[in-house]
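Peer 1: mmCIF, C-alpha atoms and all ligand atoms, saved as input-v5.cif, coming up:
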```cif
data_entry
loop_
_atom_site.group_PDB
_atom_site.id
_atom_site.type_symbol
_atom_site.label_atom_id
_atom_site.label_comp_id
_atom_site.auth_asym_id
_atom_site.auth_seq_id
_atom_site.Cartn_x
_atom_site.Cartn_y
_atom_site.Cartn_z
ATOM 1 C CA MET A 197 -107.207 -85.057 -155.868
ATOM 2 C CA THR A 198 -106.246 -84.741 -152.183
ATOM 3 C CA LYS A 199 -103.273 -86.942 -151.341
ATOM 4 C CA PRO A 200 -103.992 -89.855 -148.990
ATOM 5 C CA LEU A 201 -102.491 -89.432 -145.536
ATOM 6 C CA ILE A 202 -100.768 -92.622 -144.374
ATOM 7 C CA LEU A 203 -99.723 -93.269 -140.795
ATOM 8 C CA ILE A 204 -96.569 -95.355 -141.144
ATOM 9 C CA SER A 205 -93.834 -97.001 -139.083
ATOM 10 C CA LYS A 206 -90.845 -94.711 -139.405
ATOM 11 C CA CYS A 207 -88.373 -97.517 -140.085
ATOM 12 C CA LEU A 208 -90.114 -98.270 -143.416
ATOM 13 C CA GLY A 209 -87.756 -96.075 -145.379
ATOM 14 C CA PHE A 210 -88.029 -92.841 -143.371
ATOM 15 C CA ASP A 211 -85.384 -93.282 -140.665
ATOM 16 C CA ASN A 212 -82.687 -95.676 -139.481
ATOM 17 C CA CYS A 213 -84.524 -96.288 -136.235
ATOM 18 C CA ARG A 214 -84.626 -100.083 -136.025
ATOM 19 C CA TYR A 215 -83.070 -101.756 -132.989
ATOM 20 C CA ASN A 216 -79.926 -102.424 -135.056
ATOM 21 C CA GLY A 217 -79.807 -98.970 -136.663
ATOM 22 C CA ASP A 218 -81.257 -100.203 -139.941
ATOM 23 C CA THR A 219 -84.137 -99.065 -142.098
ATOM 24 C CA ILE A 220 -86.352 -101.250 -144.301
ATOM 25 C CA LYS A 221 -86.888 -100.388 -147.948
ATOM 26 C CA SER A 222 -90.320 -101.342 -149.178
ATOM 27 C CA GLU A 223 -90.987 -101.028 -152.905
ATOM 28 C CA ILE A 224 -94.646 -100.152 -152.479
ATOM 29 C CA VAL A 225 -93.863 -97.513 -149.826
ATOM 30 C CA GLU A 226 -91.283 -95.964 -152.155
ATOM 31 C CA LYS A 227 -93.871 -95.801 -154.949
ATOM 32 C CA LEU A 228 -96.488 -94.360 -152.617
ATOM 33 C CA LYS A 229 -94.177 -91.478 -151.715
ATOM 34 C CA LYS A 230 -95.066 -89.812 -155.015
ATOM 35 C CA HIS A 231 -98.810 -89.975 -154.349
ATOM 36 C CA CYS A 232 -99.305 -89.747 -150.585
ATOM 37 C CA SER A 233 -98.457 -87.717 -147.498
ATOM 38 C CA PHE A 234 -97.069 -89.533 -144.491
ATOM 39 C CA SER A 235 -97.275 -89.224 -140.749
ATOM 40 C CA THR A 236 -94.337 -91.264 -139.428
ATOM 41 C CA VAL A 237 -93.868 -92.726 -135.973
ATOM 42 C CA CYS A 238 -91.340 -94.944 -134.217
ATOM 43 C CA PRO A 239 -93.038 -95.885 -130.939
ATOM 44 C CA GLU A 240 -89.883 -97.451 -129.460
ATOM 45 C CA VAL A 241 -87.823 -94.314 -129.966
ATOM 46 C CA GLU A 242 -90.749 -92.211 -128.716
ATOM 47 C CA ILE A 243 -90.762 -94.045 -125.382
ATOM 48 C CA GLY A 244 -87.086 -93.234 -124.949
ATOM 49 C CA LEU A 245 -85.227 -96.258 -126.335
ATOM 50 C CA SER A 246 -81.997 -95.519 -128.143
ATOM 51 C CA VAL A 247 -80.763 -96.464 -131.620
ATOM 52 C CA PRO A 248 -79.184 -99.004 -131.666
ATOM 53 C CA ARG A 249 -80.830 -100.746 -128.714
ATOM 54 C CA ASN A 250 -81.218 -104.176 -127.257
ATOM 55 C CA PRO A 251 -84.251 -105.895 -128.812
ATOM 56 C CA ILE A 252 -87.567 -106.010 -126.992
ATOM 57 C CA ARG A 253 -90.272 -108.654 -127.137
ATOM 58 C CA LEU A 254 -93.724 -109.681 -125.904
ATOM 59 C CA GLU A 255 -93.690 -112.046 -122.937
ATOM 60 C CA LYS A 256 -96.238 -113.770 -120.771
ATOM 61 C CA ARG A 257 -95.587 -112.868 -117.102
ATOM 62 C CA GLU A 258 -97.996 -114.443 -114.632
ATOM 63 C CA LYS A 259 -101.337 -113.722 -116.314
ATOM 64 C CA GLU A 260 -100.189 -110.588 -118.089
ATOM 65 C CA GLU A 261 -98.620 -109.868 -121.445
ATOM 66 C CA VAL A 262 -95.684 -107.531 -121.118
ATOM 67 C CA LEU A 263 -93.407 -105.671 -123.470
ATOM 68 C CA ILE A 264 -89.951 -106.317 -122.130
ATOM 69 C CA GLN A 265 -86.301 -105.749 -122.976
ATOM 70 C CA PRO A 266 -84.888 -109.113 -121.836
ATOM 71 C CA LYS A 267 -81.272 -107.967 -121.579
ATOM 72 C CA SER A 268 -81.996 -105.074 -119.185
ATOM 73 C CA GLY A 269 -85.158 -106.561 -117.651
ATOM 74 C CA LEU A 270 -86.949 -103.262 -118.356
ATOM 75 C CA ILE A 271 -90.722 -103.632 -118.627
ATOM 76 C CA LEU A 272 -91.986 -101.093 -121.125
ATOM 77 C CA SER A 273 -95.702 -101.906 -121.431
ATOM 78 C CA GLU A 274 -96.998 -98.987 -119.360
ATOM 79 C CA LYS A 275 -94.828 -96.462 -121.172
ATOM 80 C CA MET A 276 -95.981 -97.810 -124.530
ATOM 81 C CA PHE A 277 -99.677 -97.752 -123.520
ATOM 82 C CA LYS A 278 -99.385 -94.112 -122.481
ATOM 83 C CA PHE A 279 -97.501 -93.112 -125.600
ATOM 84 C CA ALA A 280 -99.902 -94.918 -127.962
ATOM 85 C CA GLN A 281 -102.940 -93.352 -126.335
ATOM 86 C CA LYS A 282 -101.499 -89.856 -126.349
ATOM 87 C CA PHE A 283 -100.144 -90.118 -129.880
ATOM 88 C CA LEU A 284 -103.386 -91.416 -131.374
ATOM 89 C CA ASP A 285 -105.450 -88.826 -129.507
ATOM 90 C CA SER A 286 -103.459 -85.978 -131.022
ATOM 91 C CA ALA A 287 -102.434 -87.257 -134.489
ATOM 92 C CA ASN A 288 -104.390 -86.273 -137.604
ATOM 93 C CA GLU A 289 -106.819 -88.941 -138.710
ATOM 94 C CA PRO A 290 -105.110 -90.959 -141.481
ATOM 95 C CA ASP A 291 -106.763 -92.466 -144.565
ATOM 96 C CA GLY A 292 -104.717 -95.634 -144.187
ATOM 97 C CA ILE A 293 -101.983 -97.192 -142.097
ATOM 98 C CA ILE A 294 -98.849 -99.225 -142.898
ATOM 99 C CA LEU A 295 -96.965 -100.750 -139.993
ATOM 100 C CA LYS A 296 -93.800 -102.815 -139.809
ATOM 101 C CA GLY A 297 -94.633 -106.492 -139.536
ATOM 102 C CA ARG A 298 -93.329 -108.824 -136.807
ATOM 103 C CA SER A 299 -92.381 -105.969 -134.476
ATOM 104 C CA PRO A 300 -93.481 -106.301 -130.813
ATOM 105 C CA SER A 301 -94.530 -102.648 -131.063
ATOM 106 C CA CYS A 302 -95.826 -102.209 -134.625
ATOM 107 C CA GLY A 303 -96.679 -105.732 -135.878
ATOM 108 C CA ILE A 304 -100.357 -106.088 -136.764
ATOM 109 C CA LYS A 305 -100.936 -109.815 -136.304
ATOM 110 C CA ASP A 306 -97.714 -111.743 -136.832
ATOM 111 C CA VAL A 307 -95.747 -110.979 -133.680
ATOM 112 C CA LYS A 308 -93.985 -113.692 -131.704
ATOM 113 C CA PHE A 309 -95.080 -114.137 -128.118
ATOM 114 C CA TYR A 310 -92.741 -115.765 -125.571
ATOM 115 C CA SER A 311 -92.997 -117.402 -122.174
ATOM 116 C CA ALA A 312 -90.994 -115.845 -119.308
ATOM 117 C CA ARG A 313 -88.328 -118.474 -120.058
ATOM 118 C CA GLY A 314 -88.024 -117.253 -123.627
ATOM 119 C CA ILE A 315 -89.880 -120.115 -125.270
ATOM 120 C CA GLU A 316 -92.023 -119.121 -128.253
ATOM 121 C CA ILE A 317 -95.705 -119.703 -127.436
ATOM 122 C CA ASP A 318 -97.417 -118.057 -130.391
ATOM 123 C CA ARG A 319 -96.587 -115.995 -133.463
ATOM 124 C CA LYS A 320 -99.931 -114.393 -134.236
ATOM 125 C CA HIS A 321 -99.933 -111.630 -131.661
ATOM 126 C CA SER A 322 -100.359 -107.896 -132.268
ATOM 127 C CA GLY A 323 -97.664 -105.458 -131.208
ATOM 128 C CA VAL A 324 -98.547 -103.123 -128.334
ATOM 129 C CA PHE A 325 -98.731 -99.900 -130.373
ATOM 130 C CA ALA A 326 -100.484 -101.736 -133.213
ATOM 131 C CA SER A 327 -103.208 -102.969 -130.818
ATOM 132 C CA PHE A 328 -104.150 -99.372 -130.055
ATOM 133 C CA VAL A 329 -104.117 -98.499 -133.767
ATOM 134 C CA LEU A 330 -106.297 -101.497 -134.665
ATOM 135 C CA LYS A 331 -108.819 -100.536 -132.001
ATOM 136 C CA LYS A 332 -109.024 -96.861 -132.893
ATOM 137 C CA TYR A 333 -109.042 -97.378 -136.667
ATOM 138 C CA ALA A 334 -111.080 -100.569 -137.013
ATOM 139 C CA GLY A 335 -112.322 -100.869 -140.594
ATOM 140 C CA TYR A 336 -109.628 -98.612 -142.078
ATOM 141 C CA PRO A 337 -107.072 -99.890 -144.592
ATOM 142 C CA ILE A 338 -104.334 -101.206 -142.301
ATOM 143 C CA GLU A 339 -101.516 -103.446 -143.526
ATOM 144 C CA ASP A 340 -97.899 -104.302 -142.920
ATOM 145 C CA GLU A 341 -95.169 -104.057 -145.534
ATOM 146 C CA GLY A 342 -94.854 -107.851 -145.784
ATOM 147 C CA ARG A 343 -98.531 -108.489 -146.566
ATOM 148 C CA LEU A 344 -98.440 -105.708 -149.156
ATOM 149 C CA LEU A 345 -96.181 -107.925 -151.276
ATOM 150 C CA ASP A 346 -99.272 -110.018 -152.027
ATOM 151 C CA GLU A 347 -100.988 -108.611 -155.115
ATOM 152 C CA ARG A 348 -104.578 -109.169 -153.961
ATOM 153 C CA ILE A 349 -103.938 -107.689 -150.508
ATOM 154 C CA ARG A 350 -102.066 -104.727 -152.021
ATOM 155 C CA GLU A 351 -104.824 -104.025 -154.566
ATOM 156 C CA HIS A 352 -107.478 -104.103 -151.839
ATOM 157 C CA PHE A 353 -105.406 -101.844 -149.581
ATOM 158 C CA LEU A 354 -104.758 -99.280 -152.329
ATOM 159 C CA THR A 355 -108.350 -99.271 -153.580
ATOM 160 C CA LYS A 356 -109.613 -98.727 -150.048
ATOM 161 C CA LEU A 357 -106.978 -96.112 -149.250
ATOM 162 C CA PHE A 358 -107.889 -93.944 -152.235
ATOM 163 C CA ALA A 359 -111.640 -94.450 -151.683
ATOM 164 C CA PHE A 360 -111.274 -93.346 -148.039
ATOM 165 C CA THR A 361 -109.342 -90.286 -149.207
ATOM 166 C CA ARG A 362 -112.049 -89.365 -151.716
ATOM 167 C CA PHE A 363 -114.636 -89.752 -148.962
ATOM 168 C CA ARG A 364 -112.612 -87.455 -146.669
ATOM 169 C CA GLU A 365 -112.501 -84.920 -149.485
ATOM 170 C CA ALA A 366 -116.305 -85.047 -149.773
ATOM 171 C CA LYS A 367 -116.686 -84.848 -146.001
ATOM 172 C CA GLU A 368 -114.367 -81.858 -145.720
ATOM 173 C CA SER A 369 -116.485 -79.981 -148.240
ATOM 174 C CA THR A 370 -119.370 -80.503 -145.741
ATOM 175 C CA SER A 371 -121.933 -80.453 -148.535
ATOM 176 C CA VAL A 372 -124.450 -83.242 -149.029
ATOM 177 C CA ARG A 373 -124.130 -82.657 -152.751
ATOM 178 C CA SER A 374 -120.454 -83.754 -152.561
ATOM 179 C CA LEU A 375 -121.510 -86.903 -150.744
ATOM 180 C CA LEU A 376 -124.119 -87.646 -153.418
ATOM 181 C CA LYS A 377 -121.505 -87.108 -156.114
ATOM 182 C CA PHE A 378 -119.072 -89.342 -154.237
ATOM 183 C CA HIS A 379 -121.729 -92.042 -154.072
ATOM 184 C CA GLU A 380 -122.595 -91.681 -157.746
ATOM 185 C CA THR A 381 -119.009 -92.042 -158.934
ATOM 186 C CA ASN A 382 -118.232 -94.977 -156.595
ATOM 187 C CA LYS A 383 -121.357 -96.995 -157.399
ATOM 188 C CA LEU A 384 -119.666 -99.652 -159.522
ATOM 189 C CA LEU A 385 -116.767 -99.954 -157.099
ATOM 190 C CA PHE A 386 -119.106 -100.539 -154.156
ATOM 191 C CA MET A 387 -121.178 -102.901 -156.286
ATOM 192 C CA ALA A 388 -118.019 -104.929 -156.886
ATOM 193 C CA TYR A 389 -117.302 -105.052 -153.163
ATOM 194 C CA ASN A 390 -120.738 -105.789 -151.768
ATOM 195 C CA GLN A 391 -123.937 -105.313 -153.721
ATOM 196 C CA LYS A 392 -126.261 -105.894 -150.773
ATOM 197 C CA GLU A 393 -124.602 -103.281 -148.564
ATOM 198 C CA MET A 394 -124.400 -100.915 -151.533
ATOM 199 C CA ARG A 395 -128.204 -100.987 -151.876
ATOM 200 C CA ILE A 396 -128.599 -100.216 -148.166
ATOM 201 C CA LEU A 397 -126.294 -97.253 -148.676
ATOM 202 C CA GLY A 398 -128.360 -96.081 -151.662
ATOM 203 C CA ASN A 399 -131.595 -96.344 -149.607
ATOM 204 C CA MET A 400 -129.982 -94.349 -146.842
ATOM 205 C CA LEU A 401 -129.179 -91.536 -149.245
ATOM 206 C CA GLY A 402 -132.733 -91.756 -150.578
ATOM 207 C CA ASN A 403 -133.955 -91.074 -147.041
ATOM 208 C CA GLN A 404 -131.340 -88.449 -146.298
ATOM 209 C CA LYS A 405 -133.885 -86.034 -144.817
ATOM 210 C CA LYS A 406 -134.185 -88.305 -141.774
ATOM 211 C CA PHE A 407 -130.545 -87.555 -140.857
ATOM 212 C CA THR A 408 -128.643 -84.476 -139.782
ATOM 213 C CA LYS A 409 -125.667 -83.736 -142.042
ATOM 214 C CA GLU A 410 -123.219 -85.106 -139.438
ATOM 215 C CA GLU A 411 -125.279 -88.276 -138.999
ATOM 216 C CA LEU A 412 -125.472 -88.721 -142.752
ATOM 217 C CA PHE A 413 -121.687 -88.552 -143.214
ATOM 218 C CA SER A 414 -120.885 -90.745 -140.218
ATOM 219 C CA THR A 415 -123.546 -93.397 -141.005
ATOM 220 C CA TYR A 416 -122.387 -93.439 -144.623
ATOM 221 C CA PHE A 417 -118.759 -93.927 -143.557
ATOM 222 C CA GLU A 418 -119.639 -96.811 -141.214
ATOM 223 C CA SER A 419 -121.535 -98.472 -144.031
ATOM 224 C CA MET A 420 -118.641 -97.876 -146.439
ATOM 225 C CA LYS A 421 -116.252 -99.580 -143.993
ATOM 226 C CA ARG A 422 -118.532 -102.640 -144.012
ATOM 227 C CA ILE A 423 -118.768 -102.613 -147.814
ATOM 228 C CA MET A 424 -114.991 -102.550 -148.221
ATOM 229 C CA GLU A 425 -114.198 -104.947 -145.404
ATOM 230 C CA ARG A 426 -112.991 -107.757 -147.669
ATOM 231 C CA PRO A 427 -111.299 -107.763 -151.079
ATOM 232 C CA ILE A 428 -113.451 -107.893 -154.219
ATOM 233 C CA THR A 429 -114.287 -111.475 -155.122
ATOM 234 C CA LYS A 430 -113.687 -112.859 -158.584
ATOM 235 C CA GLY A 431 -117.434 -113.394 -159.119
ATOM 236 C CA ASN A 432 -118.279 -109.799 -158.188
ATOM 237 C CA GLU A 433 -115.492 -108.466 -160.398
ATOM 238 C CA GLU A 434 -116.918 -110.421 -163.307
ATOM 239 C CA ASN A 435 -120.498 -109.263 -162.601
ATOM 240 C CA VAL A 436 -119.476 -105.611 -162.648
ATOM 241 C CA LEU A 437 -117.518 -106.056 -165.871
ATOM 242 C CA LEU A 438 -120.523 -107.728 -167.502
ATOM 243 C CA HIS A 439 -122.708 -104.900 -166.227
ATOM 244 C CA ALA A 440 -120.371 -102.379 -167.904
ATOM 245 C CA PHE A 441 -120.230 -104.570 -171.015
ATOM 246 C CA GLY A 442 -124.008 -104.110 -171.295
ATOM 247 C CA TYR A 443 -123.432 -100.390 -171.990
ATOM 248 C CA VAL A 444 -121.068 -100.933 -174.917
ATOM 249 C CA SER A 445 -121.724 -104.406 -176.333
ATOM 250 C CA LYS A 446 -124.211 -103.228 -178.997
ATOM 251 C CA LYS A 447 -121.599 -100.910 -180.473
ATOM 252 C CA MET A 448 -118.710 -103.377 -180.401
ATOM 253 C CA LYS A 449 -117.700 -105.551 -183.374
ATOM 254 C CA LYS A 450 -118.273 -109.300 -183.168
ATOM 255 C CA LYS A 451 -114.537 -110.037 -182.920
ATOM 256 C CA GLU A 452 -114.097 -107.451 -180.147
ATOM 257 C CA ILE A 453 -116.957 -108.987 -178.179
ATOM 258 C CA GLU A 454 -115.445 -112.454 -178.554
ATOM 259 C CA TYR A 455 -112.053 -111.211 -177.445
ATOM 260 C CA PHE A 456 -113.443 -109.422 -174.396
ATOM 261 C CA LEU A 457 -115.484 -112.454 -173.339
ATOM 262 C CA SER A 458 -112.534 -114.806 -173.806
ATOM 263 C CA THR A 459 -110.383 -112.502 -171.647
ATOM 264 C CA LEU A 460 -113.094 -112.536 -169.001
ATOM 265 C CA ASN A 461 -113.090 -116.307 -169.219
ATOM 266 C CA ASP A 462 -109.286 -116.362 -168.786
ATOM 267 C CA PHE A 463 -109.707 -114.218 -165.690
ATOM 268 C CA ARG A 464 -112.353 -116.606 -164.327
ATOM 269 C CA GLU A 465 -109.962 -119.528 -164.896
ATOM 270 C CA ASN A 466 -107.027 -117.747 -163.225
ATOM 271 C CA LYS A 467 -105.118 -117.449 -166.505
ATOM 272 C CA THR A 468 -104.940 -113.672 -166.283
ATOM 273 C CA PHE A 469 -105.409 -110.833 -163.787
ATOM 274 C CA ALA A 470 -108.546 -108.685 -163.492
ATOM 275 C CA THR A 471 -106.532 -105.757 -164.839
ATOM 276 C CA VAL A 472 -106.658 -107.251 -168.360
ATOM 277 C CA PRO A 473 -110.469 -107.318 -168.928
ATOM 278 C CA ILE A 474 -110.703 -104.035 -166.970
ATOM 279 C CA ALA A 475 -108.217 -102.371 -169.341
ATOM 280 C CA LEU A 476 -110.116 -103.722 -172.367
ATOM 281 C CA MET A 477 -113.400 -102.393 -171.019
ATOM 282 C CA LYS A 478 -111.790 -99.033 -170.259
ATOM 283 C CA SER A 479 -110.700 -98.667 -173.869
ATOM 284 C CA GLN A 480 -114.263 -99.375 -175.091
ATOM 285 C CA ILE A 481 -115.694 -96.855 -172.636
ATOM 286 C CA GLU A 482 -113.289 -94.197 -173.931
ATOM 287 C CA ARG A 483 -113.998 -95.119 -177.515
ATOM 288 C CA PHE A 484 -117.790 -94.842 -177.153
ATOM 289 C CA GLU A 485 -117.596 -92.006 -174.630
ATOM 290 C CA VAL A 486 -119.957 -93.573 -172.099
ATOM 291 C CA GLU A 487 -120.001 -90.711 -169.615
ATOM 292 C CA TYR A 488 -121.533 -92.659 -166.715
ATOM 293 C CA LEU A 489 -118.850 -95.331 -166.902
ATOM 294 C CA LYS A 490 -116.090 -92.796 -167.526
ATOM 295 C CA SER A 491 -116.921 -91.217 -164.164
ATOM 296 C CA GLN A 492 -116.722 -94.502 -162.252
ATOM 297 C CA THR A 493 -113.785 -94.924 -159.858
ATOM 298 C CA TYR A 494 -114.063 -98.669 -160.442
ATOM 299 C CA PHE A 495 -112.017 -98.058 -163.585
ATOM 300 C CA ARG A 496 -109.473 -95.782 -161.886
ATOM 301 C CA ARG A 497 -109.175 -97.073 -158.346
ATOM 302 C CA HIS A 498 -105.720 -95.633 -157.706
ATOM 303 C CA PRO A 499 -102.785 -94.194 -159.708
ATOM 304 C CA GLU A 500 -101.839 -96.687 -162.410
ATOM 305 C CA ASN A 501 -98.155 -97.028 -161.534
ATOM 306 C CA LEU A 502 -99.118 -98.416 -158.130
HETATM 307 S S1 LIG A 601 -91.062 -101.427 -136.080
HETATM 308 FE FE1 LIG A 601 -91.980 -99.645 -135.144
HETATM 309 S S2 LIG A 601 -90.932 -99.458 -133.184
HETATM 310 FE FE2 LIG A 601 -89.695 -100.848 -134.424
HETATM 311 S S3 LIG A 601 -88.211 -99.538 -135.417
HETATM 312 FE FE3 LIG A 601 -89.939 -99.680 -136.779
HETATM 313 S S4 LIG A 601 -91.179 -97.919 -136.297
HETATM 314 FE FE4 LIG A 601 -89.789 -98.208 -134.606
#
```
As a first step, turn the structure in this file into structure tokens.
Peer 2:
Amino acid sequence: MTKPLILISKCLGFDNCRYNGDTIKSEIVEKLKKHCSFSTVCPEVEIGLSVPRNPIRLEKREKEEVLIQPKSGLILSEKMFKFAQKFLDSANEPDGIILKGRSPSCGIKDVKFYSARGIEIDRKHSGVFASFVLKKYAGYPIEDEGRLLDERIREHFLTKLFAFTRFREAKESTSVRSLLKFHETNKLLFMAYNQKEMRILGNMLGNQKKFTKEELFSTYFESMKRIMERPITKGNEENVLLHAFGYVSKKMKKKEIEYFLSTLNDFRENKTFATVPIALMKSQIERFEVEYLKSQTYFRRHPENL
């Protein structure tokens, strides 16, 4: 499979470019290195700041928000706007994005915002570079390294990242047949995310003759972004597993059925993770060679060691 392309803050293990000359090691980024390609960027260095450098921050000046280096008094907003625009206009389109949290340049939504006197007003701002990224890539998998420590957020990010990459692969082949195959193999995954939107997507493909090829791919992608907007809910996860269970239950032994259902119950009651009933179902699918289910990305959302 094509490797996902991730746009990433350079200080997340790729360079010692932080204001203090440090780098940040993120376990998930290190693991991703084996499976993904990266496009790295350090916006602060790109606008000409040195390493090490005096820290910069977001401040409210009159009615404006500015990116400022308090020690030198340098206002860097304009430079950063120009860089972000130019960089994003020329960079390859990524499948997902990981930015460094809490940075006035890269932070997605946890950046401190100060008054001109240096008093903290808010800590839920977006960094200047990140604001451009969020606008251009709305609906894409975008996270910071801190939020990726949360299992549910990480699982959603990885599932989306690899689904977006598979879609890009289908799109690059430019054949409608690849799109139909993509849809077929992602059915259960999309069902787990959002059944209603998934049906709309299916209807769209049923009426594919109404669209040009370009329209078909772009409308499909917009719909896919809506489907995968939020993480899979527990209820939807359970519904899809029961749906898959319907394919194999008649061939399973009584004790195996009881064990699977009790594991599903444990998952419902937060006593175990979804990965446990999913792994059990996977083994039954392999055992009974259910080809339709074997092809479903729901059961292989991303490389296992992630
Ligand atoms: S957070 Fe962004 S701007 Fe700051 S060092 Fe890292 S890559 Fe550079």
Peer 1: I'd like to see the residues matched by the PyMOL selection byres (((not hetatm)) within 7 of (chain A and resi 601)) on this file, and ideally I'd get them as an MDAnalysis selection string.
Peer 2: chainID A and resid 205:208 213:215 237:241 296 299 301:302
Peer 1: Would you write out, as a tab-separated table, a table of all residues in range 345-400 of chain A that have an atom no more than 9 Å from an atom of range 429-443 of chain A, listing for each the closest atom pair and the distance in Å to one decimal, considering only C-alpha atoms and ordering rows by chain and rising residue number?
Peer 2:
```
residue	atom	partner	partner_atom	distance
A:Leu384	CA	A:Val436	CA	6.7
A:Leu385	CA	A:Val436	CA	8.4
A:Met387	CA	A:Val436	CA	7.1
A:Ala388	CA	A:Asn432	CA	5.0
A:Tyr389	CA	A:Asn432	CA	7.0
A:Asn390	CA	A:Asn432	CA	8.0
A:Gln391	CA	A:Asn432	CA	8.5
```
Peer 1: Just want the 12 Å neighbourhood of range 484-486 of chain A, counted on only C-alpha atoms, with same-chain residues fewer than 5 positions away dropped. Output as a VMD selection string.
Peer 2: chain A and resid 440 to 448 477 to 479 491 to 492
Peer 1: Can you check which parts of range 210-303 of chain A lie within 10 Å of range 341-344 of chain A? Per residue, the shortest pair of atoms and distance in Å to one decimal, counting all atoms listed in the file, sorted by chain and number, as JSON lines.
Peer 2:
```
{"residue": "A:Ile220", "atom": "CA", "partner": "A:Glu341", "partner_atom": "CA", "distance": 9.3}
{"residue": "A:Lys221", "atom": "CA", "partner": "A:Glu341", "partner_atom": "CA", "distance": 9.4}
{"residue": "A:Ser222", "atom": "CA", "partner": "A:Glu341", "partner_atom": "CA", "distance": 6.6}
{"residue": "A:Glu223", "atom": "CA", "partner": "A:Glu341", "partner_atom": "CA", "distance": 9.0}
{"residue": "A:Ile224", "atom": "CA", "partner": "A:Leu344", "partner_atom": "CA", "distance": 7.5}
{"residue": "A:Val225", "atom": "CA", "partner": "A:Glu341", "partner_atom": "CA", "distance": 7.9}
{"residue": "A:Ile294", "atom": "CA", "partner": "A:Glu341", "partner_atom": "CA", "distance": 6.6}
{"residue": "A:Leu295", "atom": "CA", "partner": "A:Glu341", "partner_atom": "CA", "distance": 6.7}
{"residue": "A:Lys296", "atom": "CA", "partner": "A:Glu341", "partner_atom": "CA", "distance": 6.0}
{"residue": "A:Gly297", "atom": "CA", "partner": "A:Gly342", "partner_atom": "CA", "distance": 6.4}
{"residue": "A:Arg298", "atom": "CA", "partner": "A:Gly342", "partner_atom": "CA", "distance": 9.2}
{"residue": "A:Gly303", "atom": "CA", "partner": "A:Glu341", "partner_atom": "CA", "distance": 9.9}
```
Peer 1: Quick one: pull the distance between CA of Gly323 in chain A and CA of Phe277 in chain A, Å, one decimal.
Peer 2: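 Distance reported for this atom pair: 11.1 Å.
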Peer 1: Take range 479-491 of chain A, bring it up to N, CA and C atoms, and give me the output as a CSV table (one decimal), keeping the file's coordinate frame.
Peer 2:
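After the write, part-v4.csv holds the following:
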```csv
chain,number,residue,atom,x,y,z
A,479,SER,N,-110.9,-99.2,-172.5
A,479,SER,CA,-110.7,-98.7,-173.9
A,479,SER,C,-112.0,-98.5,-174.6
A,480,GLN,N,-113.0,-99.5,-174.4
A,480,GLN,CA,-114.3,-99.4,-175.1
A,480,GLN,C,-115.1,-98.2,-174.5
A,481,ILE,N,-115.0,-98.0,-173.3
A,481,ILE,CA,-115.7,-96.9,-172.6
A,481,ILE,C,-115.2,-95.5,-173.2
A,482,GLU,N,-113.9,-95.4,-173.4
A,482,GLU,CA,-113.3,-94.2,-173.9
A,482,GLU,C,-113.7,-94.0,-175.4
A,483,ARG,N,-113.7,-95.1,-176.1
A,483,ARG,CA,-114.0,-95.1,-177.5
A,483,ARG,C,-115.4,-94.7,-177.8
A,484,PHE,N,-116.4,-95.2,-176.9
A,484,PHE,CA,-117.8,-94.8,-177.2
A,484,PHE,C,-118.3,-93.7,-176.2
A,485,GLU,N,-117.3,-93.2,-175.5
A,485,GLU,CA,-117.6,-92.0,-174.6
A,485,GLU,C,-118.8,-92.2,-173.8
A,486,VAL,N,-118.8,-93.3,-173.0
A,486,VAL,CA,-120.0,-93.6,-172.1
A,486,VAL,C,-119.7,-92.8,-170.8
A,487,GLU,N,-120.3,-91.6,-170.7
A,487,GLU,CA,-120.0,-90.7,-169.6
A,487,GLU,C,-120.2,-91.3,-168.2
A,488,TYR,N,-121.3,-92.1,-168.0
A,488,TYR,CA,-121.5,-92.7,-166.7
A,488,TYR,C,-120.4,-93.6,-166.3
A,489,LEU,N,-119.9,-94.4,-167.2
A,489,LEU,CA,-118.8,-95.3,-166.9
A,489,LEU,C,-117.5,-94.6,-166.8
A,490,LYS,N,-117.3,-93.6,-167.6
A,490,LYS,CA,-116.1,-92.8,-167.5
A,490,LYS,C,-115.9,-92.2,-166.1
A,491,SER,N,-117.0,-91.9,-165.5
A,491,SER,CA,-116.9,-91.2,-164.2
A,491,SER,C,-116.7,-92.2,-163.0
```
